[in-house]
file input-v5.txt (compact mmCIF, C-alpha atoms)
# COMPACT_ATOMS: atom_id res chain seq x y z
CA MET A 1 0.00 0.00 0.00
CA GLN A 2 2.91 2.25 0.75
CA ALA A 3 4.45 1.56 -2.70
CA ARG A 4 1.18 2.06 -4.64
CA CYS A 5 0.00 5.25 -2.88
CA GLY A 6 3.47 6.69 -2.42
CA LEU A 7 2.94 7.12 1.31
CA GLU A 8 5.58 7.16 3.93
CA ARG A 9 5.63 4.64 6.74
CA ARG A 10 4.67 7.28 9.27
CA SER A 11 1.59 8.26 7.29
CA VAL A 12 0.46 4.66 6.97
CA VAL A 13 0.68 4.18 10.76
CA ALA A 14 -1.31 7.34 11.39
CA LEU A 15 -4.01 6.29 8.89
CA SER A 16 -4.27 2.84 10.47
CA ALA A 17 -4.67 4.37 13.93
CA LEU A 18 -7.40 6.70 12.64
CA LEU A 19 -9.30 3.77 11.05
CA ALA A 20 -9.01 1.74 14.27
CA LEU A 21 -10.34 4.68 16.30
CA ALA A 22 -13.26 5.10 13.89
CA LEU A 23 -14.05 1.40 14.17
CA VAL A 24 -14.05 1.53 17.98
CA PHE A 25 -16.35 4.57 17.92
CA ALA A 26 -18.74 2.83 15.49
CA VAL A 27 -18.90 -0.30 17.67
CA GLN A 28 -19.54 1.74 20.80
CA HIS A 29 -22.27 3.76 19.09
CA PHE A 30 -23.95 0.59 17.86
CA TRP A 31 -23.79 -1.03 21.33
CA THR A 32 -25.26 1.89 23.21
CA GLY A 33 -28.05 2.35 20.68
CA ARG A 34 -29.24 -1.23 20.70
CA THR A 35 -32.84 -2.06 21.76
CA GLN A 36 -33.19 -2.97 25.47
CA PRO A 37 -36.19 -4.56 27.23
CA VAL A 38 -38.17 -2.22 29.50
CA ARG A 39 -40.18 -3.39 32.55
CA ALA A 40 -43.56 -1.87 33.24
CA PRO A 41 -43.65 0.19 36.47
CA GLU A 42 -45.29 -1.47 39.47
CA VAL A 43 -48.59 -0.01 40.62
CA VAL A 44 -48.47 1.00 44.29
CA ARG A 45 -51.81 0.62 46.01
CA ALA A 46 -52.82 2.13 49.34
CA ALA A 47 -52.92 -0.34 52.18
CA PRO A 48 -56.54 -1.15 53.17
CA ALA A 49 -55.67 -0.72 56.84
CA ALA A 50 -54.90 2.96 56.26
CA GLN A 51 -58.48 3.53 55.12
CA GLY A 52 -60.03 2.15 58.29
CA LYS A 53 -58.22 4.31 60.84
CA GLY A 54 -60.21 7.47 60.35
CA VAL A 55 -57.68 9.12 58.02
CA ASP A 56 -59.24 11.77 55.83
CA PRO A 57 -57.59 11.50 52.37
CA GLY A 58 -58.11 15.16 51.56
CA GLY A 59 -57.96 16.69 55.02
CA ASP A 60 -55.34 17.58 57.52
CA PRO A 61 -53.59 14.73 59.36
CA PRO A 62 -54.58 14.10 62.96
CA GLY A 63 -52.86 16.43 65.35
CA ALA A 64 -52.21 19.10 62.71
CA PRO A 65 -52.35 22.71 63.95
CA GLY A 66 -55.81 24.25 63.82
CA THR A 67 -57.75 21.04 64.46
CA PHE A 68 -60.56 21.08 67.03
CA GLY A 69 -59.29 20.99 70.59
CA GLN A 70 -55.69 21.86 69.57
CA ALA A 71 -53.87 25.13 69.97
CA GLY A 72 -55.20 27.62 67.43
CA GLY A 73 -58.57 25.80 67.06
CA SER A 74 -61.90 26.79 68.55
CA ALA A 75 -62.37 25.74 72.18
CA ALA A 76 -65.05 23.23 73.11
CA PRO A 77 -68.19 24.73 74.77
CA GLU A 78 -68.29 24.40 78.55
CA ILE A 79 -70.85 24.52 81.32
CA VAL A 80 -70.30 25.63 84.91
CA VAL A 81 -71.95 23.69 87.75
CA ASP A 82 -71.81 24.03 91.53
CA VAL A 83 -71.33 20.65 93.21
CA SER A 84 -71.92 20.75 96.95
CA GLY A 85 -72.80 18.35 99.74
CA LYS A 86 -71.03 15.14 100.58
CA VAL A 87 -68.31 15.12 97.93
CA ARG A 88 -64.54 15.22 98.38
CA ASP A 89 -63.97 18.44 96.44
CA PRO A 90 -67.08 20.63 96.56
CA GLY A 91 -67.20 23.85 94.61
CA VAL A 92 -67.65 25.25 91.12
CA HIS A 93 -66.45 23.00 88.32
CA ARG A 94 -66.21 23.50 84.56
CA LEU A 95 -67.32 20.57 82.42
CA PRO A 96 -67.79 19.98 78.68
CA ALA A 97 -71.26 20.70 77.35
CA GLY A 98 -73.42 17.59 77.40
CA SER A 99 -71.91 16.26 80.64
CA ARG A 100 -74.01 14.21 83.02
CA VAL A 101 -74.36 14.09 86.79
CA GLU A 102 -71.83 11.24 86.91
CA ASP A 103 -69.23 13.51 85.27
CA ALA A 104 -69.85 16.23 87.86
CA LEU A 105 -69.35 13.74 90.69
CA LYS A 106 -66.02 12.65 89.22
CA ALA A 107 -64.93 16.28 88.84
CA ALA A 108 -65.75 16.83 92.52
CA GLY A 109 -63.54 13.94 93.60
CA GLY A 110 -66.33 11.41 94.03
CA VAL A 111 -68.96 10.85 96.70
CA ARG A 112 -67.86 10.45 100.31
CA THR A 113 -67.98 6.98 101.82
CA GLY A 114 -71.36 6.08 103.28
CA THR A 115 -73.32 8.69 101.33
CA LYS A 116 -76.62 7.44 99.93
CA THR A 117 -77.18 8.44 96.30
CA GLY A 118 -80.22 6.32 95.52
CA GLY A 119 -82.32 9.38 94.71
CA LEU A 120 -79.65 10.87 92.44
CA ASN A 121 -80.03 10.33 88.69
CA ARG A 122 -76.40 9.92 87.60
CA ALA A 123 -77.39 9.70 83.91
CA ARG A 124 -79.15 13.08 83.84
CA PHE A 125 -77.73 15.83 81.60
CA LEU A 126 -76.40 18.90 83.40
CA VAL A 127 -77.39 22.47 82.64
CA ASP A 128 -75.13 25.51 82.77
CA GLY A 129 -75.40 27.27 86.14
CA GLU A 130 -76.95 24.28 87.90
CA GLN A 131 -76.33 23.46 91.56
CA LEU A 132 -75.95 19.77 92.39
CA VAL A 133 -76.42 18.89 96.07
CA VAL A 134 -75.16 15.40 96.99
CA GLY A 135 -76.49 13.67 100.10
CA GLY A 136 -78.68 16.60 101.13
CA PRO A 137 -82.47 16.84 101.39
CA ALA A 138 -84.42 16.83 98.16
CA SER A 139 -85.13 20.25 96.71
CA ALA A 140 -88.54 21.74 97.24
CA ALA A 141 -89.23 21.66 93.52
CA ALA A 142 -88.51 17.98 93.20
CA ALA A 143 -90.15 16.85 96.44
CA ALA A 144 -93.22 19.09 96.42
CA PRO A 145 -96.31 16.83 96.70
CA ALA A 146 -99.55 17.45 94.91
CA ALA A 147 -102.31 19.12 96.85
CA PRO A 148 -104.85 16.63 98.27
CA ALA A 149 -107.96 16.23 96.20
CA GLY A 150 -111.13 17.80 97.49
CA THR A 151 -109.47 20.53 99.56
CA GLY A 152 -110.57 23.26 97.19
CA THR A 153 -107.00 24.17 96.18
CA ALA A 154 -105.44 23.81 92.75
CA SER A 155 -104.59 20.30 91.59
CA GLY A 156 -100.99 21.26 90.70
CA PRO A 157 -97.94 21.20 92.97
CA THR A 158 -97.40 23.90 95.57
CA ALA A 159 -93.94 24.91 94.28
CA PRO A 160 -92.49 25.24 90.76
CA VAL A 161 -91.40 21.91 89.31
CA SER A 162 -87.93 21.73 87.79
CA LEU A 163 -88.17 20.70 84.15
CA ASN A 164 -84.59 19.38 84.31
CA THR A 165 -84.91 17.16 87.41
CA ALA A 166 -88.55 16.20 87.75
CA THR A 167 -89.58 12.62 87.09
CA ILE A 168 -92.50 11.58 84.89
CA ASP A 169 -94.70 11.11 87.98
CA GLN A 170 -93.88 14.61 89.22
CA LEU A 171 -94.58 16.14 85.81
CA ASP A 172 -97.87 14.23 85.71
CA THR A 173 -99.09 16.28 88.69
CA LEU A 174 -99.07 19.45 86.62
CA PRO A 175 -102.47 20.57 85.32
CA GLY A 176 -103.20 19.29 81.84
CA VAL A 177 -100.08 17.08 81.77
CA GLY A 178 -100.68 13.36 81.56
CA PRO A 179 -98.21 10.46 81.35
CA VAL A 180 -97.83 10.84 77.58
CA LEU A 181 -97.07 14.56 77.67
CA ALA A 182 -94.77 14.05 80.66
CA GLN A 183 -92.81 11.51 78.61
CA HIS A 184 -92.55 14.05 75.77
CA ILE A 185 -91.07 16.58 78.19
CA VAL A 186 -88.51 14.06 79.44
CA ASP A 187 -87.64 13.06 75.85
CA TYR A 188 -87.07 16.69 74.87
CA ARG A 189 -84.92 17.22 77.98
CA THR A 190 -82.76 14.21 77.16
CA ARG A 191 -82.44 15.05 73.48
CA ASN A 192 -81.45 18.70 73.99
CA GLY A 193 -79.40 18.45 77.17
CA GLY A 194 -82.04 20.00 79.42
CA PHE A 195 -84.18 23.14 79.51
CA ARG A 196 -82.39 26.49 79.62
CA SER A 197 -85.58 28.53 79.98
CA VAL A 198 -89.27 27.93 80.57
CA ASP A 199 -90.01 29.24 77.06
CA GLU A 200 -88.44 26.10 75.58
CA LEU A 201 -91.50 24.23 76.87
CA ARG A 202 -93.34 25.56 73.80
CA GLU A 203 -91.15 23.32 71.61
CA VAL A 204 -92.35 20.12 73.30
CA ASN A 205 -94.75 18.08 71.23
CA GLY A 206 -98.29 18.51 72.57
CA ILE A 207 -97.89 21.86 74.33
CA GLY A 208 -99.71 24.73 72.70
CA ASP A 209 -100.05 28.37 73.68
CA ARG A 210 -102.98 27.80 76.02
CA ARG A 211 -101.36 24.91 77.88
CA PHE A 212 -98.07 26.79 78.07
CA ALA A 213 -99.87 29.75 79.67
CA ASP A 214 -101.26 27.36 82.33
CA LEU A 215 -97.84 25.81 83.04
CA ARG A 216 -95.56 28.85 82.78
CA ASP A 217 -95.85 29.85 86.44
CA LEU A 218 -95.76 26.28 87.73
CA VAL A 219 -92.40 25.19 86.31
CA ARG A 220 -88.79 26.35 86.20
CA PRO A 221 -85.69 25.21 84.24

call {"tool": "encode", "arguments": {"input": "input-v5.txt", "output": "structure tokens"}}
result
Amino acid sequence: MQARCGLERRSVVALSALLALALVFAVQHFWTGRTQPVRAPEVVRAAPAAQGKGVDPGGDPPGAPGTFGQAGGSAAPEIVVDVSGKVRDPGVHRLPAGSRVEDALKAAGGVRTGTKTGGLNRARFLVDGEQLVVGGPASAAAAAPAAPAGTGTASGPTAPVSLNTATIDQLDTLPGVGPVLAQHIVDYRTRNGGFRSVDELREVNGIGDRRFADLRDLVRP
């Protein structure tokens, strides 16, 4: 090749090196550009257990700032009750709205040993501003008996009946209130957490304007 093309030995070596370099480059280009198999990506599914723990997919995670009851959120409504009598820690206590008599007793440290609480309805809803006397005599409103028949006096009780503490039998002594209407009053009291005013008696099923006018002076919250 050197004799035919009239090339020097040095030029032939350089040309051979250039061809070898071009061949290496072509092989590398072919190898890197070859077709390679591709695996489909795996689908990640949410664990079923995460959906049963009360996690809101679009809401804030539990404990995030601004949630109810946390710093920065709105405070839960409270009621204030005065627990007195035979309890370990008598006084004024703040409880969450919707609390019952049992919750007030726990807040007051519990009932003293030997105290009889048979006449205390522990499941009754409390009302804001209420006074709860433990182990003392029954209030006049709750214990007031009906006037004897035939004495010429009114058939209702002698003192206002508490709409929040009276039993069905005590409500039945009110004029124009029978067992059915007394049960309606108790159902409304339980459903709404008690009476906050006498005017709420109008919302009880079966009490119209005329009957409310007869009962307004005979009852209290």

call {"tool": "closest_residue", "arguments": {"input": "input-v5.txt", "among": "A:Leu163, A:Leu126, A:Leu174, A:Val219", "to": "Tyr188 (chain A)", "atoms": "all atoms listed in the file"}}
result
A:Leu163

call {"tool": "atom_distance", "arguments": {"input": "input-v5.txt", "atom1": "CA of Gly208 (chain A)", "atom2": "CA of Phe195 (chain A)"}}
result
17.0 Å

call {"tool": "atom_distance", "arguments": {"input": "input-v5.txt", "atom1": "CA of Asp199 (chain A)", "atom2": "CA of Asp103 (chain A)"}}
result
27.3 Å

call {"tool": "residues_around", "arguments": {"input": "input-v5.txt", "residues": "Phe212 (chain A)", "least_positions_apart": "5", "cutoff": "9 Å", "atoms": "all atoms listed in the file", "output": "ChimeraX atom specification"}}
result
/A:199,201-202,207

call {"tool": "residues_around", "arguments": {"input": "input-v5.txt", "residues": "Lys116 (chain A)", "least_positions_apart": "5", "cutoff": "10 Å", "atoms": "only C-alpha atoms", "output": "PyMOL selection string"}}
result
chain A and resi 86+111+134-136

call {"tool": "atom_distance", "arguments": {"input": "input-v5.txt", "atom1": "CA of Asp128 (chain A)", "atom2": "CA of Val101 (chain A)"}}
result
12.1 Å

call {"tool": "closest_residue", "arguments": {"input": "input-v5.txt", "among": "A:Gly206, A:Gly119, A:Gly114, A:Gly129", "to": "Val92 (chain A)", "atoms": "all atoms listed in the file"}}
result
A:Gly129

call {"tool": "residues_around", "arguments": {"input": "input-v5.txt", "residues": "Val180 (chain A)", "least_positions_apart": "3", "cutoff": "12 Å", "atoms": "all atoms listed in the file", "output": "list in words"}}
result
Ile168, Asp169, Leu171, Asp172, Gly176, Val177, Gln183, His184, Ile185, Val186, Asp187, Val204, Asn205, Gly206 and Ile207 of chain A

call {"tool": "residues_around", "arguments": {"input": "input-v5.txt", "residues": "Arg122 (chain A)", "least_positions_apart": "3", "cutoff": "9 Å", "atoms": "all atoms listed in the file", "output": "PyMOL selection string"}}
result
chain A and resi 100-103+105+117+125

call {"tool": "write_last_selection", "arguments": {"input": "input-v5.txt", "atoms": "C-alpha atoms", "output": "compact mmCIF listing (two decimals), keeping the file's coordinate frame"}}
result
# COMPACT_ATOMS: atom_id res chain seq x y z
CA ARG A 100 -74.01 14.21 83.02
CA VAL A 101 -74.36 14.09 86.79
CA GLU A 102 -71.83 11.24 86.91
CA ASP A 103 -69.23 13.51 85.27
CA LEU A 105 -69.35 13.74 90.69
CA THR A 117 -77.18 8.44 96.30
CA PHE A 125 -77.73 15.83 81.60

call {"tool": "closest_residue", "arguments": {"input": "input-v5.txt", "among": "A:Arg216, A:Arg10, A:Arg124, A:Lys106", "to": "Arg191 (chain A)", "atoms": "all atoms listed in the file"}}
result
A:Arg124
